[in-house]
file start08.pdb (PDB, C-alpha atoms, pLDDT in the B column)
ATOM      1  CA  MET A  12      -6.300  35.992 -20.302  1.00 40.00           C
ATOM      2  CA  SER A  13      -3.611  38.205 -18.808  1.00 47.00           C
ATOM      3  CA  ASP A  14      -0.665  36.566 -17.074  1.00 50.00           C
ATOM      4  CA  THR A  15       0.225  39.544 -14.887  1.00 57.00           C
ATOM      5  CA  ASN A  16      -0.913  37.596 -11.826  1.00 64.00           C
ATOM      6  CA  ALA A  17       0.668  34.287 -12.854  1.00 76.00           C
ATOM      7  CA  LYS A  18       2.719  32.667 -10.115  1.00 89.00           C
ATOM      8  CA  ILE A  19       5.576  30.327 -11.022  1.00 94.00           C
ATOM      9  CA  SER A  20       6.861  27.722  -8.613  1.00 95.00           C
ATOM     10  CA  VAL A  21      10.004  25.660  -9.184  1.00 96.00           C
ATOM     11  CA  LEU A  22       9.310  22.062 -10.227  1.00 97.00           C
ATOM     12  CA  ILE A  23      12.822  21.031 -11.301  1.00 97.00           C
ATOM     13  CA  PRO A  24      15.727  23.242 -10.173  1.00 98.00           C
ATOM     14  CA  GLU A  25      18.388  24.422 -12.611  1.00 97.00           C
ATOM     15  CA  GLU A  26      21.074  22.121 -11.152  1.00 98.00           C
ATOM     16  CA  ARG A  27      18.949  19.003 -11.764  1.00 98.00           C
ATOM     17  CA  VAL A  28      18.134  20.140 -15.306  1.00 98.00           C
ATOM     18  CA  GLU A  29      21.816  20.700 -16.113  1.00 97.00           C
ATOM     19  CA  ALA A  30      22.871  17.372 -14.573  1.00 98.00           C
ATOM     20  CA  ARG A  31      20.243  15.447 -16.556  1.00 98.00           C
ATOM     21  CA  ILE A  32      21.200  17.138 -19.836  1.00 98.00           C
ATOM     22  CA  ARG A  33      24.827  16.162 -19.178  1.00 98.00           C
ATOM     23  CA  GLU A  34      23.723  12.534 -18.590  1.00 98.00           C
ATOM     24  CA  LEU A  35      21.670  12.538 -21.806  1.00 98.00           C
ATOM     25  CA  GLY A  36      24.653  13.916 -23.734  1.00 98.00           C
ATOM     26  CA  GLU A  37      26.849  11.100 -22.413  1.00 98.00           C
ATOM     27  CA  GLN A  38      24.263   8.455 -23.292  1.00 98.00           C
ATOM     28  CA  ILE A  39      23.744   9.840 -26.810  1.00 98.00           C
ATOM     29  CA  SER A  40      27.519  10.102 -27.324  1.00 98.00           C
ATOM     30  CA  SER A  41      27.864   6.437 -26.428  1.00 97.00           C
ATOM     31  CA  ASP A  42      24.919   5.326 -28.563  1.00 98.00           C
ATOM     32  CA  TYR A  43      26.094   7.280 -31.619  1.00 97.00           C
ATOM     33  CA  ALA A  44      29.818   6.480 -31.296  1.00 96.00           C
ATOM     34  CA  GLY A  45      31.373   6.253 -34.754  1.00 94.00           C
ATOM     35  CA  ARG A  46      28.426   8.008 -36.421  1.00 96.00           C
ATOM     36  CA  SER A  47      27.217  11.541 -37.013  1.00 97.00           C
ATOM     37  CA  ILE A  48      23.984  12.945 -35.613  1.00 97.00           C
ATOM     38  CA  HIS A  49      21.681  15.248 -37.517  1.00 98.00           C
ATOM     39  CA  MET A  50      19.721  16.962 -34.766  1.00 98.00           C
ATOM     40  CA  ILE A  51      16.353  18.462 -35.673  1.00 98.00           C
ATOM     41  CA  CYS A  52      15.128  21.018 -33.197  1.00 95.00           C
ATOM     42  CA  VAL A  53      11.413  21.551 -32.843  1.00 90.00           C
ATOM     43  CA  LEU A  54      11.084  25.328 -32.470  1.00 89.00           C
ATOM     44  CA  LYS A  55      10.681  27.473 -30.530  1.00 87.00           C
ATOM     45  CA  GLY A  56      10.970  25.811 -27.150  1.00 87.00           C
ATOM     46  CA  GLY A  57      13.330  23.050 -28.222  1.00 92.00           C
ATOM     47  CA  VAL A  58      16.144  25.439 -29.119  1.00 94.00           C
ATOM     48  CA  TYR A  59      17.175  25.964 -25.501  1.00 95.00           C
ATOM     49  CA  PHE A  60      17.340  22.238 -24.840  1.00 96.00           C
ATOM     50  CA  MET A  61      19.041  21.381 -28.152  1.00 96.00           C
ATOM     51  CA  THR A  62      21.726  24.009 -27.595  1.00 95.00           C
ATOM     52  CA  ALA A  63      22.498  22.712 -24.108  1.00 96.00           C
ATOM     53  CA  LEU A  64      22.337  19.066 -25.223  1.00 97.00           C
ATOM     54  CA  SER A  65      24.515  19.482 -28.319  1.00 97.00           C
ATOM     55  CA  LYS A  66      27.273  20.991 -26.137  1.00 96.00           C
ATOM     56  CA  ARG A  67      27.196  17.810 -24.017  1.00 97.00           C
ATOM     57  CA  ILE A  68      27.690  15.418 -26.945  1.00 97.00           C
ATOM     58  CA  SER A  69      31.248  14.192 -27.382  1.00 96.00           C
ATOM     59  CA  GLU A  70      33.388  15.983 -29.946  1.00 94.00           C
ATOM     60  CA  ASP A  71      33.999  12.527 -31.453  1.00 95.00           C
ATOM     61  CA  VAL A  72      30.354  12.479 -32.598  1.00 97.00           C
ATOM     62  CA  PRO A  73      29.892  15.089 -35.344  1.00 97.00           C
ATOM     63  CA  VAL A  74      26.642  17.039 -34.955  1.00 97.00           C
ATOM     64  CA  THR A  75      24.712  18.917 -37.619  1.00 97.00           C
ATOM     65  CA  LEU A  76      21.594  20.921 -36.887  1.00 97.00           C
ATOM     66  CA  ASP A  77      18.341  21.846 -38.566  1.00 97.00           C
ATOM     67  CA  PHE A  78      15.086  23.344 -37.362  1.00 97.00           C
ATOM     68  CA  MET A  79      11.362  22.764 -37.802  1.00 95.00           C
ATOM     69  CA  SER A  80       8.443  24.596 -36.335  1.00 90.00           C
ATOM     70  CA  VAL A  81       5.131  22.883 -35.743  1.00 84.00           C
ATOM     71  CA  SER A  82       2.186  24.248 -33.837  1.00 74.00           C
ATOM     72  CA  SER A  83      -0.775  22.757 -32.049  1.00 67.00           C
ATOM     73  CA  TYR A  84      -1.131  25.207 -29.166  1.00 53.00           C
ATOM     74  CA  GLY A  85      -1.543  28.806 -30.345  1.00 51.00           C
ATOM     75  CA  ASP A  86      -1.891  30.977 -27.230  1.00 49.00           C
ATOM     76  CA  ASP A  87      -3.694  28.381 -25.124  1.00 51.00           C
ATOM     77  CA  THR A  88      -2.341  26.055 -22.422  1.00 49.00           C
ATOM     78  CA  LYS A  89      -3.834  22.938 -24.048  1.00 53.00           C
ATOM     79  CA  SER A  90      -3.211  21.469 -27.493  1.00 51.00           C
ATOM     80  CA  SER A  91      -5.793  22.354 -30.131  1.00 53.00           C
ATOM     81  CA  GLY A  92      -5.338  18.947 -31.773  1.00 62.00           C
ATOM     82  CA  VAL A  93      -4.572  20.502 -35.161  1.00 71.00           C
ATOM     83  CA  VAL A  94      -0.905  20.195 -36.147  1.00 77.00           C
ATOM     84  CA  LYS A  95       0.563  22.507 -38.733  1.00 82.00           C
ATOM     85  CA  ILE A  96       4.101  22.920 -40.110  1.00 89.00           C
ATOM     86  CA  VAL A  97       5.166  26.517 -39.671  1.00 90.00           C
ATOM     87  CA  LYS A  98       8.799  26.023 -40.825  1.00 93.00           C
ATOM     88  CA  ASP A  99      10.137  22.972 -42.650  1.00 94.00           C
ATOM     89  CA  LEU A 100      13.712  21.655 -42.764  1.00 96.00           C
ATOM     90  CA  ASP A 101      16.414  23.399 -44.770  1.00 95.00           C
ATOM     91  CA  GLN A 102      18.322  20.191 -45.612  1.00 94.00           C
ATOM     92  CA  PRO A 103      17.253  16.734 -46.802  1.00 96.00           C
ATOM     93  CA  ILE A 104      17.583  13.964 -44.182  1.00 98.00           C
ATOM     94  CA  GLU A 105      17.723  10.906 -46.439  1.00 98.00           C
ATOM     95  CA  GLY A 106      20.387   8.495 -45.179  1.00 98.00           C
ATOM     96  CA  LYS A 107      21.153  10.508 -42.032  1.00 98.00           C
ATOM     97  CA  ASP A 108      20.973   9.431 -38.398  1.00 98.00           C
ATOM     98  CA  VAL A 109      18.335  11.865 -37.174  1.00 98.00           C
ATOM     99  CA  LEU A 110      17.613  12.837 -33.588  1.00 98.00           C
ATOM    100  CA  ILE A 111      14.495  14.951 -33.065  1.00 97.00           C
ATOM    101  CA  VAL A 112      14.952  17.232 -30.066  1.00 97.00           C
ATOM    102  CA  GLU A 113      11.825  18.497 -28.344  1.00 95.00           C
ATOM    103  CA  ASP A 114      11.281  20.439 -25.137  1.00 94.00           C
ATOM    104  CA  ILE A 115       8.147  18.607 -23.986  1.00 93.00           C
ATOM    105  CA  ILE A 116       5.864  15.832 -25.187  1.00 92.00           C
ATOM    106  CA  ASP A 117       2.319  16.303 -24.035  1.00 88.00           C
ATOM    107  CA  SER A 118      -0.559  14.882 -26.100  1.00 87.00           C
ATOM    108  CA  GLY A 119       1.910  13.396 -28.608  1.00 89.00           C
ATOM    109  CA  ARG A 120      -0.048  14.757 -31.577  1.00 87.00           C
ATOM    110  CA  SER A 121       2.724  16.998 -32.889  1.00 86.00           C
ATOM    111  CA  LEU A 122       5.452  14.368 -32.532  1.00 90.00           C
ATOM    112  CA  TYR A 123       3.285  11.589 -33.941  1.00 91.00           C
ATOM    113  CA  TYR A 124       2.645  13.713 -37.022  1.00 90.00           C
ATOM    114  CA  LEU A 125       6.253  14.892 -37.250  1.00 92.00           C
ATOM    115  CA  THR A 126       7.856  11.451 -36.899  1.00 94.00           C
ATOM    116  CA  GLY A 127       5.576  10.082 -39.634  1.00 93.00           C
ATOM    117  CA  LEU A 128       6.481  12.966 -41.907  1.00 93.00           C
ATOM    118  CA  LEU A 129      10.206  12.537 -41.282  1.00 96.00           C
ATOM    119  CA  ARG A 130      10.143   8.726 -41.685  1.00 97.00           C
ATOM    120  CA  ASP A 131       8.757   9.293 -45.179  1.00 97.00           C
ATOM    121  CA  ARG A 132      11.960  11.220 -45.953  1.00 97.00           C
ATOM    122  CA  HIS A 133      14.035   8.017 -45.442  1.00 98.00           C
ATOM    123  CA  PRO A 134      16.580   8.809 -42.735  1.00 98.00           C
ATOM    124  CA  ALA A 135      19.026   6.021 -41.812  1.00 98.00           C
ATOM    125  CA  SER A 136      17.584   6.177 -38.289  1.00 98.00           C
ATOM    126  CA  LEU A 137      15.089   8.358 -36.463  1.00 98.00           C
ATOM    127  CA  HIS A 138      15.069   8.806 -32.700  1.00 98.00           C
ATOM    128  CA  LEU A 139      13.398  11.192 -30.298  1.00 97.00           C
ATOM    129  CA  CYS A 140      14.856  13.074 -27.343  1.00 98.00           C
ATOM    130  CA  THR A 141      12.735  15.229 -25.052  1.00 97.00           C
ATOM    131  CA  LEU A 142      13.533  17.198 -21.951  1.00 97.00           C
ATOM    132  CA  LEU A 143      10.092  16.596 -20.438  1.00 97.00           C
ATOM    133  CA  ASP A 144       7.533  13.857 -20.959  1.00 95.00           C
ATOM    134  CA  LYS A 145       3.923  14.030 -19.774  1.00 94.00           C
ATOM    135  CA  PRO A 146       2.636  10.505 -20.518  1.00 92.00           C
ATOM    136  CA  ASP A 147      -0.650  11.074 -18.632  1.00 90.00           C
ATOM    137  CA  ARG A 148      -1.727  13.492 -21.381  1.00 86.00           C
ATOM    138  CA  ARG A 149      -0.818  11.199 -24.298  1.00 91.00           C
ATOM    139  CA  VAL A 150      -3.493  10.706 -26.956  1.00 91.00           C
ATOM    140  CA  LYS A 151      -1.066   9.607 -29.721  1.00 90.00           C
ATOM    141  CA  GLU A 152       1.627   7.058 -28.979  1.00 91.00           C
ATOM    142  CA  VAL A 153       5.192   8.144 -29.696  1.00 93.00           C
ATOM    143  CA  LYS A 154       8.385   6.268 -28.872  1.00 92.00           C
ATOM    144  CA  VAL A 155      10.677   8.398 -26.726  1.00 95.00           C
ATOM    145  CA  ASP A 156      14.276   7.185 -26.948  1.00 97.00           C
ATOM    146  CA  TYR A 157      15.859   9.730 -24.600  1.00 98.00           C
ATOM    147  CA  GLU A 158      13.916  11.530 -21.902  1.00 96.00           C
ATOM    148  CA  GLY A 159      15.023  14.033 -19.327  1.00 97.00           C
ATOM    149  CA  PHE A 160      12.177  13.936 -16.838  1.00 97.00           C
ATOM    150  CA  VAL A 161       8.690  12.447 -16.607  1.00 96.00           C
ATOM    151  CA  ILE A 162       6.344  14.988 -15.060  1.00 96.00           C
ATOM    152  CA  GLU A 163       2.730  15.162 -13.937  1.00 93.00           C
ATOM    153  CA  ASP A 164       0.059  16.935 -15.925  1.00 91.00           C
ATOM    154  CA  LYS A 165       1.020  20.494 -15.021  1.00 91.00           C
ATOM    155  CA  PHE A 166       1.533  23.468 -17.313  1.00 91.00           C
ATOM    156  CA  VAL A 167       5.259  24.220 -17.172  1.00 95.00           C
ATOM    157  CA  VAL A 168       7.591  26.959 -18.329  1.00 95.00           C
ATOM    158  CA  GLY A 169      11.329  27.574 -18.446  1.00 95.00           C
ATOM    159  CA  CYS A 170      14.222  25.980 -20.327  1.00 95.00           C
ATOM    160  CA  GLY A 171      12.494  27.027 -23.572  1.00 92.00           C
ATOM    161  CA  MET A 172       8.891  26.331 -22.649  1.00 93.00           C
ATOM    162  CA  ASP A 173       6.574  29.291 -22.541  1.00 90.00           C
ATOM    163  CA  TYR A 174       3.237  30.694 -21.571  1.00 89.00           C
ATOM    164  CA  GLN A 175       2.082  33.230 -24.160  1.00 87.00           C
ATOM    165  CA  GLN A 176       5.715  33.576 -25.358  1.00 87.00           C
ATOM    166  CA  LYS A 177       6.999  34.477 -21.871  1.00 90.00           C
ATOM    167  CA  TYR A 178       9.199  32.637 -19.346  1.00 93.00           C
ATOM    168  CA  ARG A 179      11.256  30.652 -21.906  1.00 93.00           C
ATOM    169  CA  ASN A 180      14.441  32.095 -20.416  1.00 93.00           C
ATOM    170  CA  LEU A 181      13.968  30.656 -16.921  1.00 95.00           C
ATOM    171  CA  PRO A 182      16.904  28.305 -16.156  1.00 95.00           C
ATOM    172  CA  TYR A 183      14.648  25.907 -14.240  1.00 97.00           C
ATOM    173  CA  ILE A 184      11.353  24.126 -14.945  1.00 97.00           C
ATOM    174  CA  GLY A 185       8.522  25.982 -13.275  1.00 97.00           C
ATOM    175  CA  VAL A 186       4.813  25.377 -12.882  1.00 96.00           C
ATOM    176  CA  VAL A 187       2.485  28.194 -13.899  1.00 92.00           C
ATOM    177  CA  GLU A 188      -0.313  28.807 -11.461  1.00 84.00           C
ATOM    178  CA  LEU A 189      -2.919  31.072 -13.046  1.00 75.00           C
ATOM    179  CA  PRO A 190      -5.551  32.890 -11.049  1.00 72.00           C
ATOM    180  CA  GLU A 191      -9.076  31.638 -11.621  1.00 67.00           C
TER     181      GLU A 191
END
call {"tool": "encode", "arguments": {"input": "start08.pdb", "output": "structure tokens"}}
result
Amino acid sequence: MSDTNAKISVLIPEERVEARIRELGEQISSDYAGRSIHMICVLKGGVYFMTALSKRISEDVPVTLDFMSVSSYGDDTKSSGVVKIVKDLDQPIEGKDVLIVEDIIDSGRSLYYLTGLLRDRHPASLHLCTLLDKPDRRVKEVKVDYEGFVIEDKFVVGCGMDYQQKYRNLPYIGVVELPE
């Protein structure tokens, strides 16, 4: 399916996104006061959010970063249901306070699988932060500790989220409207 006729309408403007990320950074800074955070970004979409979020965490809370890539979408707009690890962590997480940073939680399959995998690696703590949460689509229950926005079941792009690898760079959250 070609996206040349895709229309994108603004769901959450850039100013609201930035303000919410600042609020999340303040909350995380408070919750992790006196500790370090090992942030794990779920690639590719999560990198935009993690970069913005990590800059909003107090300098008194040391932050280290690592990256994982999991896939359950391919080129479609709906999850295939099959989760695969495309890139694993570079560093062990045993004994670390880990914060998984994700752009969006939809069906929950990827995060359910990922949190189970990471718990087996014995971090001191494991929490989840997402920019967007779509609870209406949930088929696997995951505990979200920090959430930017709860949205309806719409296919969204921007702030790292894509449609066929495009539109990640939009500074706002937009809804993709595809022609029939």
call {"tool": "residues_around", "arguments": {"input": "start08.pdb", "residues": "range 158-168 of chain A", "least_positions_apart": "4", "cutoff": "8 Å", "atoms": "all atoms listed in the file", "output": "PyMOL selection string"}}
result
chain A and resi 28+31-32+35+88+140-148+172-174+178-179+181+184-187
call {"tool": "write_last_selection", "arguments": {"input": "start08.pdb", "atoms": "C-alpha atoms", "output": "short mmCIF file (atom, residue, chain, number, x, y, z; two decimals), in the coordinates of the input"}}
result
data_model
loop_
_atom_site.label_atom_id
_atom_site.label_comp_id
_atom_site.auth_asym_id
_atom_site.auth_seq_id
_atom_site.Cartn_x
_atom_site.Cartn_y
_atom_site.Cartn_z
CA VAL A 28 18.13 20.14 -15.31
CA ARG A 31 20.24 15.45 -16.56
CA ILE A 32 21.20 17.14 -19.84
CA LEU A 35 21.67 12.54 -21.81
CA THR A 88 -2.34 26.06 -22.42
CA CYS A 140 14.86 13.07 -27.34
CA THR A 141 12.74 15.23 -25.05
CA LEU A 142 13.53 17.20 -21.95
CA LEU A 143 10.09 16.60 -20.44
CA ASP A 144 7.53 13.86 -20.96
CA LYS A 145 3.92 14.03 -19.77
CA PRO A 146 2.64 10.50 -20.52
CA ASP A 147 -0.65 11.07 -18.63
CA ARG A 148 -1.73 13.49 -21.38
CA MET A 172 8.89 26.33 -22.65
CA ASP A 173 6.57 29.29 -22.54
CA TYR A 174 3.24 30.69 -21.57
CA TYR A 178 9.20 32.64 -19.35
CA ARG A 179 11.26 30.65 -21.91
CA LEU A 181 13.97 30.66 -16.92
CA ILE A 184 11.35 24.13 -14.94
CA GLY A 185 8.52 25.98 -13.28
CA VAL A 186 4.81 25.38 -12.88
CA VAL A 187 2.48 28.19 -13.90
#
call {"tool": "resolve_selection", "arguments": {"input": "start08.pdb", "expression": "the PyMOL selection byres ((chain A and resi 80) around 8)", "output": "ChimeraX atom specification"}}
result
/A:53-55,78-79,81-82,96-99
call {"tool": "write_last_selection", "arguments": {"input": "start08.pdb", "atoms": "C-alpha atoms", "output": "PDB file, keeping the file's coordinate frame"}}
result
ATOM      1  CA  VAL A  53      11.413  21.551 -32.843  1.00 90.00           C
ATOM      2  CA  LEU A  54      11.084  25.328 -32.470  1.00 89.00           C
ATOM      3  CA  LYS A  55      10.681  27.473 -30.530  1.00 87.00           C
ATOM      4  CA  PHE A  78      15.086  23.344 -37.362  1.00 97.00           C
ATOM      5  CA  MET A  79      11.362  22.764 -37.802  1.00 95.00           C
ATOM      6  CA  VAL A  81       5.131  22.883 -35.743  1.00 84.00           C
ATOM      7  CA  SER A  82       2.186  24.248 -33.837  1.00 74.00           C
ATOM      8  CA  ILE A  96       4.101  22.920 -40.110  1.00 89.00           C
ATOM      9  CA  VAL A  97       5.166  26.517 -39.671  1.00 90.00           C
ATOM     10  CA  LYS A  98       8.799  26.023 -40.825  1.00 93.00           C
ATOM     11  CA  ASP A  99      10.137  22.972 -42.650  1.00 94.00           C
TER      12      ASP A  99
END
call {"tool": "residues_near_point", "arguments": {"input": "start08.pdb", "point": "(10.8, 8.7, -29.2)", "cutoff": "9 Å", "atoms": "only C-alpha atoms", "output": "list in words"}}
result
Ile111, Leu122, Thr126, Leu137, His138, Leu139, Cys140, Thr141, Val153, Lys154, Val155, Asp156, Tyr157 and Glu158 of chain A
call {"tool": "axis_aligned_box", "arguments": {"input": "start08.pdb", "around": "range 153-161 of chain A", "padding_each_side": "4 Å", "output": "lines of an AutoDock Vina configuration file"}}
result
center_x = 10.5
center_y = 10.2
center_z = -23.2
size_x = 18.7
size_y = 15.8
size_z = 21.1
call {"tool": "closest_residue", "arguments": {"input": "start08.pdb", "among": "A:Ile104, A:Leu22, A:Ile115, A:Ala44", "to": "His133 in chain A", "atoms": "only C-alpha atoms"}}
result
A:Ile104
call {"tool": "resolve_selection", "arguments": {"input": "start08.pdb", "expression": "the PyMOL selection byres ((chain A and resi 57-71) around 6)", "output": "list in words"}}
result
Ile32, Arg33, Gly36, Ser40, Cys52, Val53, Leu54, Lys55, Gly56, Val72, Glu113, Asp114, Cys170 and Gly171 of chain A
call {"tool": "atom_distance", "arguments": {"input": "start08.pdb", "atom1": "CA of Asp101 in chain A", "atom2": "CA of Pro134 in chain A"}}
result
14.7 Å
call {"tool": "atom_distance", "arguments": {"input": "start08.pdb", "atom1": "CA of Leu110 in chain A", "atom2": "CA of Asp131 in chain A"}}
result
15.0 Å
call {"tool": "atom_distance", "arguments": {"input": "start08.pdb", "atom1": "CA of Ala135 in chain A", "atom2": "CA of Leu76 in chain A"}}
result
15.9 Å
call {"tool": "closest_residue", "arguments": {"input": "start08.pdb", "among": "A:Val93, A:Ser20, A:Asp108, A:Gln102", "to": "Tyr123 in chain A", "atoms": "all atoms listed in the file"}}
result
A:Val93
call {"tool": "closest_residue", "arguments": {"input": "start08.pdb", "among": "A:Tyr183, A:Leu189, A:Leu125, A:Glu152", "to": "Ala30 in chain A", "atoms": "all atoms listed in the file"}}
result
A:Tyr183
call {"tool": "closest_residue", "arguments": {"input": "start08.pdb", "among": "A:Ile116, A:Val109, A:Ala17, A:Val94", "to": "Val74 in chain A", "atoms": "all atoms listed in the file"}}
result
A:Val109
call {"tool": "closest_residue", "arguments": {"input": "start08.pdb", "among": "A:Glu26, A:Arg132, A:Pro73, A:Gly127", "to": "Pro103 in chain A", "atoms": "only C-alpha atoms"}}
result
A:Arg132
call {"tool": "closest_residue", "arguments": {"input": "start08.pdb", "among": "A:Lys107, A:Lys177, A:Lys18, A:Arg120", "to": "Val150 in chain A", "atoms": "all atoms listed in the file"}}
result
A:Arg120
call {"tool": "decode", "arguments": {"input": "start08.pdb", "residues": "range 152-172 of chain A", "atoms": "N, CA, C and O atoms", "output": "short mmCIF file (atom, residue, chain, number, x, y, z; two decimals), in the first residue's frame"}}
result
data_model
loop_
_atom_site.label_atom_id
_atom_site.label_comp_id
_atom_site.auth_asym_id
_atom_site.auth_seq_id
_atom_site.Cartn_x
_atom_site.Cartn_y
_atom_site.Cartn_z
N GLU A 152 -1.54 -7.82 29.41
CA GLU A 152 -1.50 -6.80 30.44
C GLU A 152 -0.05 -6.44 30.79
O GLU A 152 0.76 -7.31 31.05
N VAL A 153 0.24 -5.15 30.75
CA VAL A 153 1.54 -4.64 31.18
C VAL A 153 1.29 -3.48 32.13
O VAL A 153 0.34 -2.73 31.97
N LYS A 154 2.17 -3.37 33.13
CA LYS A 154 2.04 -2.28 34.11
C LYS A 154 2.84 -1.08 33.61
O LYS A 154 4.06 -1.16 33.46
N VAL A 155 2.14 0.00 33.34
CA VAL A 155 2.79 1.23 32.89
C VAL A 155 2.98 2.12 34.12
O VAL A 155 2.01 2.49 34.78
N ASP A 156 4.23 2.46 34.41
CA ASP A 156 4.53 3.27 35.58
C ASP A 156 4.49 4.77 35.28
O ASP A 156 4.15 5.57 36.14
N TYR A 157 4.88 5.13 34.08
CA TYR A 157 4.90 6.53 33.65
C TYR A 157 4.31 6.59 32.24
O TYR A 157 4.82 5.93 31.34
N GLU A 158 3.27 7.41 32.09
CA GLU A 158 2.64 7.48 30.77
C GLU A 158 2.43 8.93 30.40
O GLU A 158 2.02 9.75 31.22
N GLY A 159 2.73 9.21 29.12
CA GLY A 159 2.55 10.57 28.63
C GLY A 159 1.10 10.87 28.37
O GLY A 159 0.51 11.74 29.00
N PHE A 160 0.50 10.13 27.45
CA PHE A 160 -0.88 10.35 27.05
C PHE A 160 -1.58 9.03 26.81
O PHE A 160 -0.98 8.10 26.27
N VAL A 161 -2.85 8.95 27.17
CA VAL A 161 -3.70 7.83 26.79
C VAL A 161 -4.46 8.29 25.56
O VAL A 161 -5.04 9.39 25.55
N ILE A 162 -4.41 7.46 24.50
CA ILE A 162 -5.08 7.85 23.26
C ILE A 162 -6.05 6.76 22.82
O ILE A 162 -5.97 5.62 23.26
N GLU A 163 -6.94 7.15 21.93
CA GLU A 163 -7.90 6.21 21.33
C GLU A 163 -7.17 5.29 20.35
O GLU A 163 -6.01 5.52 20.02
N ASP A 164 -7.88 4.33 19.87
CA ASP A 164 -7.33 3.37 18.91
C ASP A 164 -7.24 4.00 17.52
O ASP A 164 -8.11 3.81 16.68
N LYS A 165 -6.18 4.79 17.34
CA LYS A 165 -5.90 5.41 16.05
C LYS A 165 -4.45 5.11 15.70
O LYS A 165 -3.62 4.97 16.60
N PHE A 166 -4.15 5.03 14.41
CA PHE A 166 -2.76 4.79 14.02
C PHE A 166 -2.05 6.14 13.96
O PHE A 166 -2.44 7.02 13.20
N VAL A 167 -1.03 6.29 14.81
CA VAL A 167 -0.37 7.58 14.98
C VAL A 167 1.09 7.55 14.53
O VAL A 167 1.73 6.50 14.50
N VAL A 168 1.56 8.74 14.19
CA VAL A 168 2.95 8.94 13.78
C VAL A 168 3.49 10.18 14.47
O VAL A 168 2.75 10.95 15.06
N GLY A 169 4.81 10.37 14.34
CA GLY A 169 5.47 11.53 14.91
C GLY A 169 6.13 11.20 16.23
O GLY A 169 5.83 10.18 16.85
N CYS A 170 7.07 12.04 16.64
CA CYS A 170 7.80 11.85 17.89
C CYS A 170 8.42 10.44 17.95
O CYS A 170 8.48 9.83 19.01
N GLY A 171 8.85 9.93 16.81
CA GLY A 171 9.48 8.62 16.74
C GLY A 171 8.63 7.53 16.13
O GLY A 171 9.13 6.53 15.63
N MET A 172 7.34 7.69 16.16
CA MET A 172 6.45 6.66 15.61
C MET A 172 6.32 6.85 14.10
O MET A 172 6.35 7.97 13.61
#
